[in-house]
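**Student:** Following this message is one structure expressed as structure tokens.
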Amino acid sequence: TVIDKKVDPLYGVCVSIQSKDNPELIANYASLSNVTLNKGDQVKQGQVIAKAGSNTLNSDMGNHLNFSLVKNGKNINPLKYISKEIKEI
């Protein structure tokens, strides 16, 4: 479920998605463009939620994605939760 969608002055367009199966997990995506979601929307695994964009922190890097995974309010290593190889963004 989308629990937050905002424009941050440094990170650009940001979306936070809470896991239905593990509600203590929140995936944060930043530096987005063309976001297709709104707060309260349900999200399915594999669903396209946005395109990579840019932000004011890394404007010289071009389009990219900032991703973090939070468990019980603390950033954690997301590799434990990624079950397959990322092939396309």
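Identifiers in the structure tokens: chain A, B, ... in order shown; residue index from 1 per chain; ligand index from 1 in order shown.
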Name all residues at most 9 Å from Ala27 of chain A (count only C-alpha atoms; drop same-chain ones fewer than 3 positions away) and give them as an MDAnalysis selection string.

**Tutor:** chainID A and resid 15:19 67:71

**Student:** Select from chain A everything DSSP, run on the backbone, classes as strand (DSSP E or B), then give the selection as a tab-separated table (two decimals) with N, CA and C atoms, in the first residue's frame.

**Tutor:**
```
chain	number	residue	atom	x	y	z
A	2	VAL	N	0.55	2.21	-0.84
A	2	VAL	CA	1.27	3.48	-0.86
A	2	VAL	C	0.88	4.25	0.39
A	3	ILE	N	1.89	4.52	1.24
A	3	ILE	CA	1.61	5.25	2.48
A	3	ILE	C	2.06	6.70	2.41
A	4	ASP	N	2.87	7.03	1.40
A	4	ASP	CA	3.30	8.42	1.25
A	4	ASP	C	3.72	8.68	-0.19
A	5	LYS	N	3.39	9.84	-0.68
A	5	LYS	CA	3.83	10.32	-2.00
A	5	LYS	C	4.06	11.81	-1.83
A	6	LYS	N	5.29	12.26	-2.13
A	6	LYS	CA	5.59	13.67	-1.90
A	6	LYS	C	6.71	14.12	-2.82
A	7	VAL	N	6.88	15.42	-2.87
A	7	VAL	CA	8.02	16.01	-3.56
A	7	VAL	C	8.94	16.57	-2.49
A	8	ASP	N	10.15	16.03	-2.42
A	8	ASP	CA	11.15	16.47	-1.45
A	8	ASP	C	12.09	17.44	-2.15
A	12	GLY	N	13.60	14.92	-4.74
A	12	GLY	CA	12.62	14.94	-5.82
A	12	GLY	C	11.35	14.19	-5.45
A	13	VAL	N	10.71	13.56	-6.43
A	13	VAL	CA	9.46	12.84	-6.19
A	13	VAL	C	9.77	11.54	-5.46
A	14	CYS	N	9.06	11.31	-4.35
A	14	CYS	CA	9.29	10.15	-3.49
A	14	CYS	C	7.99	9.39	-3.25
A	15	VAL	N	8.10	8.07	-3.17
A	15	VAL	CA	6.97	7.21	-2.85
A	15	VAL	C	7.42	6.20	-1.80
A	16	SER	N	6.57	5.97	-0.79
A	16	SER	CA	6.82	4.96	0.23
A	16	SER	C	5.72	3.91	0.15
A	17	ILE	N	6.12	2.65	0.10
A	17	ILE	CA	5.17	1.55	-0.04
A	17	ILE	C	5.36	0.58	1.13
A	18	GLN	N	4.26	0.32	1.84
A	18	GLN	CA	4.29	-0.61	2.96
A	18	GLN	C	3.89	-2.00	2.49
A	25	LEU	N	7.84	-3.60	7.06
A	25	LEU	CA	8.74	-3.22	5.97
A	25	LEU	C	8.15	-2.10	5.13
A	26	ILE	N	8.95	-1.08	4.90
A	26	ILE	CA	8.55	0.03	4.03
A	26	ILE	C	9.66	0.24	3.00
A	27	ALA	N	9.28	0.21	1.73
A	27	ALA	CA	10.21	0.48	0.64
A	27	ALA	C	10.06	1.94	0.24
A	28	ASN	N	11.18	2.65	0.22
A	28	ASN	CA	11.20	4.06	-0.16
A	28	ASN	C	11.89	4.23	-1.51
A	29	TYR	N	11.21	4.88	-2.43
A	29	TYR	CA	11.74	5.15	-3.77
A	29	TYR	C	11.80	6.66	-3.93
A	30	ALA	N	12.94	7.17	-4.42
A	30	ALA	CA	13.09	8.62	-4.62
A	30	ALA	C	13.74	8.89	-5.96
A	31	SER	N	13.72	10.15	-6.37
A	31	SER	CA	14.23	10.59	-7.67
A	31	SER	C	13.40	10.02	-8.80
A	32	LEU	N	12.10	10.04	-8.64
A	32	LEU	CA	11.18	9.43	-9.60
A	32	LEU	C	10.61	10.45	-10.58
A	33	SER	N	10.08	9.92	-11.68
A	33	SER	CA	9.27	10.72	-12.60
A	33	SER	C	8.11	9.85	-13.06
A	51	LYS	N	8.96	5.98	-13.35
A	51	LYS	CA	10.20	5.92	-14.12
A	51	LYS	C	11.29	6.60	-13.31
A	52	ALA	N	12.53	6.24	-13.60
A	52	ALA	CA	13.65	6.89	-12.93
A	52	ALA	C	13.66	8.35	-13.32
A	53	GLY	N	14.04	9.19	-12.35
A	53	GLY	CA	14.08	10.62	-12.59
A	53	GLY	C	15.39	11.20	-12.06
A	64	HIS	N	18.08	8.44	-12.40
A	64	HIS	CA	18.52	7.36	-11.53
A	64	HIS	C	17.42	7.09	-10.51
A	66	ASN	N	16.81	6.28	-6.27
A	66	ASN	CA	17.27	6.09	-4.89
A	66	ASN	C	16.28	5.14	-4.23
A	67	PHE	N	16.80	4.08	-3.62
A	67	PHE	CA	15.95	3.07	-2.99
A	67	PHE	C	16.47	2.76	-1.59
A	68	SER	N	15.56	2.65	-0.65
A	68	SER	CA	15.93	2.20	0.69
A	68	SER	C	14.81	1.33	1.23
A	69	LEU	N	15.18	0.43	2.13
A	69	LEU	CA	14.22	-0.46	2.77
A	69	LEU	C	14.33	-0.22	4.28
A	70	VAL	N	13.19	0.00	4.90
A	70	VAL	CA	13.14	0.31	6.33
A	70	VAL	C	12.33	-0.77	7.03
A	71	LYS	N	12.86	-1.27	8.14
A	71	LYS	CA	12.16	-2.25	8.97
A	71	LYS	C	12.08	-1.69	10.38
A	74	LYS	N	14.08	1.49	10.93
A	74	LYS	CA	15.54	1.52	10.71
A	74	LYS	C	15.88	1.03	9.31
A	75	ASN	N	16.81	1.73	8.64
A	75	ASN	CA	17.27	1.29	7.33
A	75	ASN	C	17.95	-0.07	7.45
A	76	ILE	N	17.64	-0.97	6.50
A	76	ILE	CA	18.24	-2.29	6.49
A	76	ILE	C	18.76	-2.60	5.09
```

**Student:** Pull the helix (DSSP H, G or I) assignments for chain A out of DSSP run on the backbone, and list those residues as a compact mmCIF listing (two decimals) with N, CA and C atoms, in the first residue's frame.

**Tutor:**
```txt
# COMPACT_ATOMS: atom_id res chain seq x y z
N SER A 59 21.83 16.08 -9.59
CA SER A 59 21.29 16.51 -10.88
C SER A 59 22.27 16.26 -12.02
N ASP A 60 23.56 16.20 -11.72
CA ASP A 60 24.54 15.95 -12.77
C ASP A 60 24.67 14.47 -13.12
N MET A 61 23.98 13.59 -12.39
CA MET A 61 24.04 12.15 -12.64
C MET A 61 23.01 11.69 -13.67
N PRO A 78 18.61 -4.27 1.78
CA PRO A 78 17.49 -4.85 1.03
C PRO A 78 17.81 -6.17 0.32
N LEU A 79 19.08 -6.53 0.19
CA LEU A 79 19.44 -7.73 -0.56
C LEU A 79 18.79 -8.99 0.02
N LYS A 80 18.54 -9.00 1.31
CA LYS A 80 17.90 -10.15 1.96
C LYS A 80 16.47 -10.37 1.44
```
